[in-house]
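Below is final_1.cif, holding mmCIF, C-alpha atoms and all ligand atoms.
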data_work
loop_
_atom_site.label_atom_id
_atom_site.label_comp_id
_atom_site.auth_asym_id
_atom_site.auth_seq_id
_atom_site.Cartn_x
_atom_site.Cartn_y
_atom_site.Cartn_z
CA MET J 1 -7.38 12.91 23.82
CA ASN J 2 -9.22 16.15 24.44
CA ASP J 3 -12.86 16.83 23.46
CA THR J 4 -11.95 18.62 20.23
CA LYS J 5 -9.87 15.68 18.99
CA CYS J 6 -12.61 13.21 20.00
CA HIS J 7 -15.12 15.23 18.03
CA GLN J 8 -12.84 15.43 14.98
CA LEU J 9 -12.25 11.68 15.13
CA ILE J 10 -16.01 11.07 15.06
CA GLN J 11 -16.30 13.33 12.01
CA ILE J 12 -13.59 11.43 10.20
CA ALA J 13 -14.54 7.86 11.07
CA GLY J 14 -18.31 8.12 11.64
CA GLU J 15 -20.04 8.10 15.02
CA GLU J 16 -21.04 4.44 14.80
CA ASN J 17 -17.40 3.38 14.33
CA VAL J 18 -15.80 5.30 17.19
CA HIS J 19 -15.97 4.02 20.78
CA PHE J 20 -14.40 5.82 23.72
CA ASP J 21 -12.96 4.43 26.94
CA VAL J 22 -13.05 0.82 25.80
CA SER J 23 -11.67 -1.91 28.07
CA MET J 24 -8.79 -3.62 26.27
CA ALA J 25 -9.60 -6.75 28.28
CA SER J 26 -12.66 -7.06 26.05
CA LEU J 27 -10.53 -6.94 22.89
CA THR J 28 -7.78 -9.38 23.84
CA SER J 29 -7.63 -13.15 24.33
CA PHE J 30 -5.72 -12.60 27.62
CA LYS J 31 -8.75 -10.67 28.97
CA ILE J 32 -6.33 -8.18 30.52
CA GLY J 33 -5.84 -4.45 30.07
CA GLY J 34 -7.27 -1.10 31.09
CA PRO J 35 -9.18 1.31 28.85
CA ALA J 36 -8.10 2.61 25.47
CA ASP J 37 -8.94 6.27 24.85
CA ALA J 38 -10.67 5.32 21.60
CA VAL J 39 -11.28 2.30 19.41
CA VAL J 40 -12.11 2.86 15.74
CA ASP J 41 -13.72 0.10 13.68
CA ILE J 42 -12.36 0.09 10.13
CA HIS J 43 -14.46 -1.08 7.17
CA GLN J 44 -12.36 -0.01 4.21
CA THR J 45 -8.89 1.15 3.25
CA GLU J 46 -9.96 4.76 2.83
CA ASP J 47 -11.18 4.93 6.48
CA LEU J 48 -7.92 3.46 7.66
CA LYS J 49 -5.87 5.99 5.68
CA ASN J 50 -7.96 8.85 7.04
CA VAL J 51 -7.71 7.75 10.67
CA VAL J 52 -3.95 7.18 10.48
CA ALA J 53 -3.41 10.54 8.72
CA PHE J 54 -5.53 12.25 11.40
CA ALA J 55 -3.59 10.60 14.23
CA ASP J 56 -0.25 11.56 12.63
CA GLU J 57 -1.36 15.14 12.05
CA LYS J 58 -2.66 15.56 15.62
CA ASP J 59 0.28 13.69 17.14
CA ILE J 60 -1.96 11.01 18.65
CA SER J 61 -0.52 7.52 19.15
CA TYR J 62 -2.31 4.68 17.39
CA PHE J 63 -2.03 0.91 17.38
CA LEU J 64 -3.36 -1.67 14.92
CA ILE J 65 -5.23 -4.56 16.46
CA GLY J 66 -6.37 -7.75 14.80
CA ASN J 67 -7.97 -10.35 17.05
CA GLY J 68 -5.83 -9.33 20.04
CA THR J 69 -4.45 -12.86 20.52
CA ASN J 70 -0.80 -11.93 20.85
CA LEU J 71 -1.14 -8.92 23.11
CA LEU J 72 -0.62 -8.06 26.75
CA VAL J 73 -2.10 -4.62 27.44
CA SER J 74 -1.09 -2.70 30.55
CA ASP J 75 -3.50 -2.22 33.44
CA GLY J 76 -3.47 1.52 32.70
CA GLY J 77 -4.71 0.84 29.17
CA TYR J 78 -3.66 2.71 26.05
CA ARG J 79 -3.45 6.48 25.53
CA GLY J 80 -4.40 6.91 21.92
CA ILE J 81 -6.43 5.23 19.19
CA ILE J 82 -6.81 1.48 18.76
CA VAL J 83 -7.44 0.84 15.07
CA ASN J 84 -9.64 -2.24 14.89
CA THR J 85 -9.26 -4.19 11.64
CA ARG J 86 -11.58 -7.06 12.59
CA THR J 87 -14.40 -5.18 10.86
CA MET J 88 -12.58 -5.37 7.49
CA SER J 89 -12.74 -9.10 6.83
CA ASN J 90 -13.91 -10.12 3.35
CA ILE J 91 -12.54 -13.31 1.82
CA LYS J 92 -12.61 -14.26 -1.87
CA VAL J 93 -11.41 -17.43 -3.57
CA LYS J 94 -10.02 -17.22 -7.11
CA ASP J 95 -8.65 -20.47 -8.57
CA THR J 96 -5.93 -21.52 -6.09
CA MET J 97 -5.64 -18.06 -4.55
CA ILE J 98 -7.42 -16.80 -1.44
CA ILE J 99 -7.73 -13.03 -1.21
CA CYS J 100 -8.32 -11.91 2.37
CA GLU J 101 -8.87 -8.50 3.92
CA SER J 102 -6.58 -8.07 6.89
CA GLY J 103 -9.20 -8.58 9.62
CA ALA J 104 -10.37 -11.99 8.34
CA LEU J 105 -9.82 -14.68 10.96
CA LEU J 106 -7.38 -17.43 9.98
CA SER J 107 -10.04 -20.00 10.88
CA ARG J 108 -12.38 -18.43 8.27
CA CYS J 109 -9.61 -18.27 5.65
CA ALA J 110 -8.84 -21.94 6.34
CA LYS J 111 -12.53 -22.83 6.04
CA ALA J 112 -12.67 -21.03 2.68
CA ALA J 113 -9.61 -23.02 1.59
CA LEU J 114 -11.25 -26.27 2.70
CA ASP J 115 -14.51 -25.45 0.91
CA ALA J 116 -12.53 -24.91 -2.31
CA SER J 117 -10.42 -28.07 -1.67
CA LEU J 118 -7.25 -26.01 -1.45
CA GLU J 119 -4.38 -27.40 0.58
CA GLY J 120 -1.47 -25.70 2.32
CA MET J 121 -3.03 -23.82 5.21
CA ALA J 122 -4.14 -26.54 7.62
CA PHE J 123 -1.26 -25.55 9.91
CA ALA J 124 -2.91 -22.14 10.45
CA SER J 125 -6.51 -23.23 10.85
CA GLY J 126 -6.34 -23.30 14.67
CA ILE J 127 -4.28 -20.15 15.20
CA PRO J 128 -6.81 -17.71 16.68
CA GLY J 129 -5.57 -14.50 15.00
CA THR J 130 -6.48 -12.51 11.90
CA ILE J 131 -4.64 -12.88 8.61
CA GLY J 132 -3.15 -9.38 9.12
CA GLY J 133 -1.76 -10.24 12.56
CA ALA J 134 -0.55 -13.60 11.26
CA VAL J 135 1.36 -12.08 8.34
CA VAL J 136 2.95 -9.38 10.52
CA MET J 137 4.03 -12.03 13.06
CA ASN J 138 4.80 -14.70 10.43
CA ALA J 139 2.65 -16.97 12.60
CA GLY J 140 3.36 -20.66 12.37
CA ALA J 141 2.55 -24.07 13.78
CA TYR J 142 3.13 -27.77 13.07
CA GLY J 143 5.96 -27.11 10.63
CA GLY J 144 4.16 -24.45 8.57
CA GLU J 145 4.56 -20.67 8.56
CA MET J 146 2.69 -17.86 6.85
CA LYS J 147 5.73 -17.26 4.65
CA ASP J 148 5.06 -20.61 2.94
CA ILE J 149 1.69 -19.49 1.58
CA VAL J 150 1.84 -15.69 1.20
CA GLU J 151 1.82 -14.74 -2.49
CA SER J 152 1.59 -10.98 -1.87
CA VAL J 153 0.60 -8.45 0.78
CA THR J 154 -0.92 -5.02 0.23
CA VAL J 155 0.27 -2.59 2.90
CA LEU J 156 -0.11 1.04 3.86
CA ASP J 157 3.43 2.27 4.47
CA ASP J 158 4.66 4.89 6.91
CA LEU J 159 4.37 7.64 4.28
CA GLY J 160 0.70 6.82 3.68
CA ASP J 161 1.38 5.10 0.34
CA ILE J 162 -0.06 1.76 -0.67
CA ARG J 163 2.50 -0.86 -1.71
CA ILE J 164 2.19 -4.42 -2.88
CA LEU J 165 4.92 -6.70 -1.55
CA LYS J 166 5.58 -10.13 -3.01
CA GLY J 167 5.91 -12.88 -0.40
CA ASP J 168 9.68 -13.02 -0.78
CA GLU J 169 9.93 -9.23 -0.31
CA CYS J 170 8.36 -9.45 3.17
CA GLN J 171 11.64 -10.66 4.74
CA PHE J 172 9.81 -13.16 6.89
CA GLY J 173 11.76 -14.50 9.87
CA TYR J 174 10.86 -16.33 13.04
CA ARG J 175 7.78 -14.43 14.31
CA ASP J 176 9.06 -11.45 12.37
CA SER J 177 8.64 -9.61 9.06
CA LEU J 178 9.67 -6.42 7.30
CA ILE J 179 6.08 -5.23 7.82
CA LYS J 180 6.44 -5.64 11.60
CA ARG J 181 9.85 -3.92 11.71
CA ASN J 182 8.61 -0.97 9.63
CA LYS J 183 5.26 -0.76 11.48
CA TRP J 184 3.43 -0.88 8.15
CA ILE J 185 -0.27 -1.76 8.03
CA VAL J 186 -1.55 -4.87 6.30
CA LEU J 187 -4.61 -4.12 4.18
CA SER J 188 -5.05 -7.43 2.40
CA VAL J 189 -3.23 -10.67 1.75
CA ASN J 190 -3.20 -13.03 -1.22
CA LEU J 191 -2.51 -16.63 -0.26
CA ARG J 192 -1.33 -19.10 -2.88
CA LEU J 193 -2.51 -22.65 -2.12
CA ARG J 194 -2.62 -25.92 -4.10
CA GLN J 195 -5.56 -27.89 -5.41
CA GLY J 196 -6.06 -30.89 -3.12
CA ASP J 197 -8.58 -33.41 -1.88
CA TYR J 198 -11.41 -32.09 0.32
CA ASN J 199 -11.53 -35.12 2.66
CA ILE J 200 -7.78 -35.27 3.18
CA ILE J 201 -7.60 -31.54 3.96
CA LYS J 202 -10.56 -31.84 6.34
CA GLU J 203 -8.89 -34.72 8.21
CA GLU J 204 -5.60 -32.83 8.46
CA MET J 205 -7.31 -29.75 9.92
CA LYS J 206 -9.27 -31.90 12.36
CA ASP J 207 -6.14 -33.76 13.46
CA LEU J 208 -4.10 -30.59 14.04
CA ASN J 209 -6.93 -28.97 15.96
CA THR J 210 -7.30 -32.05 18.16
CA ARG J 211 -3.55 -31.97 18.86
CA ARG J 212 -3.87 -28.29 19.76
CA ARG J 213 -6.77 -28.93 22.15
CA ASP J 214 -4.91 -31.85 23.77
CA LYS J 215 -1.69 -29.89 24.37
CA GLN J 216 -2.76 -26.29 24.97
CA PRO J 217 -4.61 -24.76 27.94
CA LEU J 218 -7.44 -23.44 25.79
CA ASN J 219 -9.81 -23.34 28.77
CA TYR J 220 -7.98 -20.29 30.18
CA PRO J 221 -7.43 -16.86 28.63
CA SER J 222 -3.87 -16.42 27.30
CA ALA J 223 -1.93 -14.93 24.43
CA GLY J 224 -0.57 -18.26 23.24
CA SER J 225 3.13 -19.05 23.66
CA THR J 226 4.51 -16.39 25.96
CA PHE J 227 8.11 -16.72 24.81
CA LYS J 228 9.83 -17.16 21.47
CA ARG J 229 11.64 -20.44 20.90
CA PRO J 230 15.28 -19.83 21.87
CA ALA J 231 17.81 -21.22 19.37
CA GLY J 232 18.52 -24.88 20.13
CA HIS J 233 15.90 -25.17 22.90
CA PHE J 234 12.17 -25.29 23.58
CA ALA J 235 10.89 -22.60 25.93
CA ALA J 236 8.30 -24.91 27.54
CA LYS J 237 10.90 -27.59 28.33
CA LEU J 238 13.32 -25.09 29.88
CA ILE J 239 10.53 -23.61 32.00
CA GLU J 240 9.36 -27.03 33.15
CA ASP J 241 12.93 -28.18 33.89
CA ALA J 242 13.45 -25.01 35.93
CA GLY J 243 10.60 -26.20 38.18
CA LEU J 244 8.30 -23.36 37.17
CA LYS J 245 5.22 -25.27 36.02
CA GLY J 246 2.31 -23.77 37.97
CA TYR J 247 4.41 -20.79 39.17
CA ARG J 248 1.87 -18.12 40.06
CA VAL J 249 1.65 -14.42 40.88
CA GLY J 250 -1.88 -13.22 41.65
CA ASP J 251 -4.05 -14.83 38.98
CA ALA J 252 -1.28 -15.18 36.37
CA CYS J 253 0.19 -18.63 36.22
CA VAL J 254 2.59 -20.79 34.19
CA SER J 255 0.12 -23.31 32.76
CA GLU J 256 0.18 -26.78 34.33
CA LYS J 257 -0.81 -28.19 30.94
CA HIS J 258 1.79 -26.41 28.77
CA SER J 259 4.63 -24.52 30.46
CA GLY J 260 5.12 -22.31 27.41
CA PHE J 261 1.84 -20.55 28.17
CA VAL J 262 1.21 -18.01 30.93
CA VAL J 263 -2.54 -18.15 31.57
CA ASN J 264 -5.03 -15.90 33.30
CA VAL J 265 -6.77 -18.13 35.83
CA GLY J 266 -9.10 -15.42 37.18
CA LYS J 267 -8.59 -11.69 37.36
CA ALA J 268 -4.91 -11.47 36.44
CA THR J 269 -3.48 -8.01 35.89
CA SER J 270 -0.74 -7.19 33.42
CA LYS J 271 1.47 -6.56 36.47
CA ASP J 272 0.88 -10.18 37.58
CA VAL J 273 1.73 -11.49 34.10
CA LEU J 274 4.85 -9.34 33.84
CA SER J 275 6.02 -10.57 37.27
CA VAL J 276 5.62 -14.17 36.10
CA ILE J 277 7.45 -13.40 32.83
CA SER J 278 10.30 -11.69 34.62
CA HIS J 279 10.72 -14.50 37.21
CA VAL J 280 10.66 -17.16 34.48
CA GLN J 281 13.27 -15.23 32.47
CA SER J 282 15.63 -14.82 35.42
CA GLU J 283 15.29 -18.45 36.61
CA VAL J 284 15.84 -19.88 33.11
CA LYS J 285 18.86 -17.58 32.69
CA ARG J 286 20.25 -18.55 36.12
CA GLN J 287 19.74 -22.29 35.70
CA PHE J 288 20.46 -22.80 31.99
CA ASP J 289 22.08 -19.56 30.83
CA VAL J 290 19.39 -19.12 28.14
CA GLU J 291 17.66 -15.79 27.48
CA LEU J 292 13.91 -16.08 26.92
CA GLU J 293 12.45 -13.29 24.81
CA PRO J 294 8.71 -12.59 25.01
CA GLU J 295 6.73 -13.44 21.88
CA VAL J 296 3.73 -11.62 23.32
CA ILE J 297 3.58 -7.93 22.37
CA ILE J 298 3.31 -5.61 25.34
CA LEU J 299 1.21 -2.50 24.82
CA GLY J 300 0.76 0.59 26.99
CA GLU J 301 2.70 2.08 29.90
CA ILE J 302 4.22 -0.56 32.13
C1 LIG J 401 -4.57 -20.07 22.37
C2 LIG J 401 -3.59 -19.42 21.43
C3 LIG J 401 -2.86 -20.20 20.56
C4 LIG J 401 -1.94 -19.62 19.68
N1 LIG J 401 -1.24 -20.41 18.83
C5 LIG J 401 -0.35 -19.85 17.99
C6 LIG J 401 0.41 -20.68 17.09
O1 LIG J 401 0.25 -21.89 17.03
N2 LIG J 401 1.31 -20.05 16.28
C7 LIG J 401 1.52 -18.70 16.30
O2 LIG J 401 2.35 -18.20 15.55
N3 LIG J 401 0.80 -17.90 17.15
C8 LIG J 401 -0.11 -18.45 17.97
N4 LIG J 401 -0.83 -17.64 18.82
C9 LIG J 401 -0.57 -16.18 18.84
C10 LIG J 401 -1.44 -15.34 17.88
O3 LIG J 401 -2.66 -15.99 17.59
C11 LIG J 401 -0.70 -15.05 16.58
O4 LIG J 401 0.49 -14.30 16.81
C12 LIG J 401 -1.59 -14.27 15.60
O5 LIG J 401 -0.94 -14.19 14.37
C13 LIG J 401 -1.89 -12.85 16.09
O6 LIG J 401 -2.94 -12.34 15.28
P1 LIG J 401 -3.95 -11.24 15.83
O7 LIG J 401 -4.84 -10.85 14.72
O8 LIG J 401 -4.60 -11.72 17.07
O9 LIG J 401 -2.93 -10.07 16.15
P2 LIG J 401 -2.94 -9.07 17.38
O10 LIG J 401 -2.65 -9.84 18.63
O11 LIG J 401 -4.16 -8.23 17.35
O12 LIG J 401 -1.66 -8.19 17.03
C14 LIG J 401 -0.37 -8.77 16.97
C15 LIG J 401 0.58 -7.80 16.30
O13 LIG J 401 0.20 -7.68 14.93
C16 LIG J 401 -0.07 -6.30 14.64
N5 LIG J 401 -1.18 -6.28 13.68
C17 LIG J 401 -2.38 -6.90 13.76
N6 LIG J 401 -3.10 -6.67 12.64
C18 LIG J 401 -2.33 -5.87 11.84
C19 LIG J 401 -2.50 -5.30 10.56
N7 LIG J 401 -3.59 -5.45 9.83
N8 LIG J 401 -1.47 -4.53 10.08
C20 LIG J 401 -0.34 -4.34 10.79
N9 LIG J 401 -0.13 -4.84 12.01
C21 LIG J 401 -1.11 -5.62 12.52
C22 LIG J 401 -0.43 -5.65 15.95
O14 LIG J 401 -0.19 -4.25 15.90
C23 LIG J 401 0.52 -6.38 16.87
O15 LIG J 401 1.79 -5.81 16.80
C24 LIG J 401 -1.76 -18.21 19.69
C25 LIG J 401 -2.53 -17.42 20.57
C26 LIG J 401 -3.44 -18.01 21.42
C27 LIG J 401 -4.26 -17.15 22.33
#

In structure tokens, write the structure found in this file.
Ligand SMILES: Cc1cc2nc3c(=O)[nH]c(=O)nc-3n(C[C@H](O)[C@H](O)[C@H](O)COP(=O)(O)OP(=O)(O)OC[C@H]3O[C@@H](n4cnc5c(N)ncnc54)[C@H](O)[C@@H]3O)c2cc1C
Amino acid sequence: MNDTKCHQLIQIAGEENVHFDVSMASLTSFKIGGPADAVVDIHQTEDLKNVVAFADEKDISYFLIGNGTNLLVSDGGYRGIIVNTRTMSNIKVKDTMIICESGALLSRCAKAALDASLEGMAFASGIPGTIGGAVVMNAGAYGGEMKDIVESVTVLDDLGDIRILKGDECQFGYRDSLIKRNKWIVLSVNLRLRQGDYNIIKEEMKDLNTRRRDKQPLNYPSAGSTFKRPAGHFAAKLIEDAGLKGYRVGDACVSEKHSGFVVNVGKATSKDVLSVISHVQSEVKRQFDVELEPEVIILGEI
């Protein structure tokens, strides 16, 4: 981005909300990635519309980021604008509905549900993303998926119009949605839960989070499960059976604790991680004839 565009971006989004040359390692759970040209903190829908319209008009690439927990950013970083939704994160509870701005963390939405004795979202309480990222990805765990609790989603579409989609219009699939395929932007999400018992919900959340801590390598930076679950198999089991537990390139490593995770055990680069991913894919294909598809979203020039 040249100086004129940087200056115009500041005028549109406000000086305090625009940051240049920001390390993407600082914005992602993998702690990997070179600098983004600019990061813009979003506080309200109008700002988001203005920034996206500006980027489109000036032919600047942009990318929506939630909590950066499903991303692998290239070592060269990102040429364009990272639109940061974490700063738009209000949550309101109305009867059995939770109304969340897209940047609200799932853990905070789940806490709001617990405080109102609403059941149905314990499965999501330990997923480290935002509600926006979770809806786009149809995040899921322990038998639950976002599609089970989404009542409606307000999005900004590719023509700059605001639409409200009912849950069943989002075409949720395994780690997939219409919103993801169309590259629409989630502005807010209404979750429909059920009245329940505070203590039972609290126990369920505690239990699932203990199971998560026991099974997952949460002591190392990662982006969660590296691969999607292939039909009829479990990625972690295939990787372990292929003898790849602990397989390492530089500081990127197939976790010893959970083979479905590639972890950053020091100063891993995206090149290290991609080498591990590619070796795992070719070994699993060679040994079991199963294709592993990354779940992690790869951003920037590889
Ligand atoms: C330790 C660990 C455990 C995990 N466990 C699970 C799990 O159990 N289940 C699971 O499903 N995932 C899991 N994940 C992965 C990740 O947390 C989820 O995919 C989560 O939904 C991503 O949310 P995010 O806000 O971090 O999205 P990001 O990583 O910031 O972005 C992911 C994608 O969503 C898009 N996006 C983000 N916000 C918006 C928005 N407002 N509008 C439009 N697009 C948007 C981005 O452009 C990108 O394409 C785990 C990750 C980690 C690190």

Practice task
Find the residue from J:Pro35, J:Gly232, J:Gly126, J:Gly77 that sits nearest to ligand LIG 401 (chain J); use all atoms listed in the file when measuring.
Solution key: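 For ligand LIG 401 (chain J), the nearest of the given residues is J:Gly126.
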
Practice task
May I ask which of the residues J:Glu169, J:Asp161, J:Asp197, J:Asp251 is the closest one to Ala113 (chain J), counting all atoms listed in the file?
Solution key: J:Asp197

Practice task
Residues within 6 Å of ligand LIG 401 (chain J), counting all atoms listed in the file: report them as a VMD selection string.
Solution key: chain J and resid 29 63 to 71 102 127 to 130 132 to 134 136 to 137 139 to 141 184 to 187 218 222 to 224

Handout entry: Atom-to-atom span, CA of Tyr62 (chain J) and CA of Glu16 (chain J), Å
Key =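 Calculated distance between CA of Tyr62 (chain J) and CA of Glu16 (chain J) is 18.9 Å.
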
Handout entry: Contacts of Pro217 (chain J) within 10 Å, all atoms listed in the file, excl. fewer than 4 positions in-chain, as a ChimeraX atom specification
Key = /J:212-213,221-222,224,255-259,261-263

Exercise for the section: Considering all atoms listed in the file, return as an MDAnalysis selection string whatever protein or nucleic-acid residues lie within 8 Å of region 284-293 of chain J, sequence-local ones (same chain, fewer than 2 positions apart) excluded. Expected result: chainID J and resid 227:230 235 238:239 242 280:282 295

Practice task
Report the distance between CA of Gly103 (chain J) and CA of Ser188 (chain J) in Å, rounded to one decimal place.
Solution key: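 Those two atoms sit 8.4 Å apart.
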
Problem - Gap from CA of Gln216 (chain J) to CA of Val254 (chain J) - Å, one decimal - result: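 Between CA of Gln216 (chain J) and CA of Val254 (chain J) the gap is 12.0 Å.
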
Shell of 12 Å around Asp158 (chain J), all atoms listed in the file, local chain residues under 5 positions omitted, as a PDB file with C-alpha atoms, in the frame of the given file:
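Just written: out_18.pdb:
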ATOM      1  CA  LYS J  49      -5.870   5.990   5.680  1.00  0.00           C
ATOM      2  CA  VAL J  52      -3.950   7.180  10.480  1.00  0.00           C
ATOM      3  CA  ALA J  53      -3.410  10.540   8.720  1.00  0.00           C
ATOM      4  CA  ASP J  56      -0.250  11.560  12.630  1.00  0.00           C
ATOM      5  CA  ARG J 163       2.500  -0.860  -1.710  1.00  0.00           C
ATOM      6  CA  ILE J 179       6.080  -5.230   7.820  1.00  0.00           C
ATOM      7  CA  LYS J 180       6.440  -5.640  11.600  1.00  0.00           C
ATOM      8  CA  ARG J 181       9.850  -3.920  11.710  1.00  0.00           C
ATOM      9  CA  ASN J 182       8.610  -0.970   9.630  1.00  0.00           C
ATOM     10  CA  LYS J 183       5.260  -0.760  11.480  1.00  0.00           C
ATOM     11  CA  TRP J 184       3.430  -0.880   8.150  1.00  0.00           C
ATOM     12  CA  ILE J 185      -0.270  -1.760   8.030  1.00  0.00           C
ATOM     13  CA  VAL J 186      -1.550  -4.870   6.300  1.00  0.00           C
TER      14      VAL J 186
END

Practice task
For each of J:Gly14, J:Gly196, J:Gly260, J:Gly300, take the minimum atom-to-atom distance to Gly33 (chain J), counting all atoms listed in the file, then give the residue where this is smallest.
Solution key: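 For Gly33 (chain J), the nearest of the given residues is J:Gly300.
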
Practice task
Determine, counting all atoms listed in the file, which protein, DNA and RNA residues have an atom within 12 Å of an atom of Leu208 (chain J); residues of the same chain fewer than 6 positions away are not included. Present the result as a count of residues only.
Solution key: 16

Handout entry: Counting all atoms listed in the file, the residue of J:Asn2, J:Ser23, J:Thr45, J:Thr96 that sits nearest Ser117 (chain J)
Key =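 Ranked by minimum distance to Ser117 (chain J), first place goes to J:Thr96.
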
Please list as a compact mmCIF listing (two decimals) with C-alpha atoms, keeping the file's coordinate frame every residue within 8 Å of Asn264 (chain J), counting all atoms listed in the file and excluding residues in the same chain fewer than 3 positions away.
# COMPACT_ATOMS: atom_id res chain seq x y z
CA PHE J 30 -5.72 -12.60 27.62
CA LYS J 31 -8.75 -10.67 28.97
CA TYR J 220 -7.98 -20.29 30.18
CA PRO J 221 -7.43 -16.86 28.63
CA SER J 222 -3.87 -16.42 27.30
CA ASP J 251 -4.05 -14.83 38.98
CA ALA J 252 -1.28 -15.18 36.37
CA CYS J 253 0.19 -18.63 36.22
CA LYS J 267 -8.59 -11.69 37.36
CA ALA J 268 -4.91 -11.47 36.44

Handout entry: Of the listed residues J:Ile81, J:Val153, J:Val296, J:Leu105, that which approaches Val39 (chain J) most closely, counting all atoms listed in the file
Key =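 Closest residue, counting all atoms listed in the file: J:Ile81.
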
Would you mind putting back N, CA, C and O atoms on region 78-93 of chain J, then writing it out as a compact mmCIF listing (two decimals), in the frame of the given file?
# COMPACT_ATOMS: atom_id res chain seq x y z
N TYR J 78 -4.41 2.15 27.17
CA TYR J 78 -3.66 2.71 26.05
C TYR J 78 -4.11 4.15 25.80
O TYR J 78 -5.31 4.40 25.60
N ARG J 79 -3.14 5.07 25.81
CA ARG J 79 -3.45 6.48 25.53
C ARG J 79 -3.32 6.71 24.03
O ARG J 79 -2.21 6.82 23.52
N GLY J 80 -4.43 6.70 23.36
CA GLY J 80 -4.40 6.91 21.92
C GLY J 80 -5.53 6.13 21.28
O GLY J 80 -6.52 5.79 21.94
N ILE J 81 -5.36 5.86 19.97
CA ILE J 81 -6.43 5.23 19.19
C ILE J 81 -6.06 3.78 18.88
O ILE J 81 -4.98 3.51 18.35
N ILE J 82 -6.96 2.87 19.19
CA ILE J 82 -6.81 1.48 18.76
C ILE J 82 -7.56 1.35 17.43
O ILE J 82 -8.77 1.63 17.36
N VAL J 83 -6.83 0.97 16.39
CA VAL J 83 -7.44 0.84 15.07
C VAL J 83 -7.83 -0.63 14.89
O VAL J 83 -6.97 -1.50 14.81
N ASN J 84 -9.12 -0.86 14.89
CA ASN J 84 -9.64 -2.24 14.89
C ASN J 84 -9.91 -2.72 13.47
O ASN J 84 -10.82 -2.22 12.80
N THR J 85 -9.11 -3.70 13.02
CA THR J 85 -9.26 -4.19 11.64
C THR J 85 -10.24 -5.35 11.51
O THR J 85 -10.52 -5.79 10.40
N ARG J 86 -10.72 -5.88 12.65
CA ARG J 86 -11.58 -7.06 12.59
C ARG J 86 -12.83 -6.83 11.74
O ARG J 86 -13.46 -7.75 11.23
N THR J 87 -13.20 -5.53 11.61
CA THR J 87 -14.40 -5.18 10.86
C THR J 87 -14.14 -5.09 9.35
O THR J 87 -15.04 -4.76 8.58
N MET J 88 -12.91 -5.37 8.94
CA MET J 88 -12.58 -5.37 7.49
C MET J 88 -12.13 -6.80 7.19
O MET J 88 -10.95 -7.15 7.37
N SER J 89 -13.06 -7.66 6.76
CA SER J 89 -12.74 -9.10 6.83
C SER J 89 -13.29 -9.94 5.67
O SER J 89 -13.57 -11.11 5.85
N ASN J 90 -13.40 -9.33 4.49
CA ASN J 90 -13.91 -10.12 3.35
C ASN J 90 -12.89 -11.15 2.88
O ASN J 90 -11.68 -10.91 2.94
N ILE J 91 -13.41 -12.25 2.36
CA ILE J 91 -12.54 -13.31 1.82
C ILE J 91 -13.09 -13.69 0.45
O ILE J 91 -14.31 -13.89 0.30
N LYS J 92 -12.18 -13.79 -0.55
CA LYS J 92 -12.61 -14.26 -1.87
C LYS J 92 -11.69 -15.39 -2.33
O LYS J 92 -10.48 -15.34 -2.05
N VAL J 93 -12.25 -16.35 -3.03
CA VAL J 93 -11.41 -17.43 -3.57
C VAL J 93 -11.38 -17.29 -5.08
O VAL J 93 -12.44 -17.12 -5.70
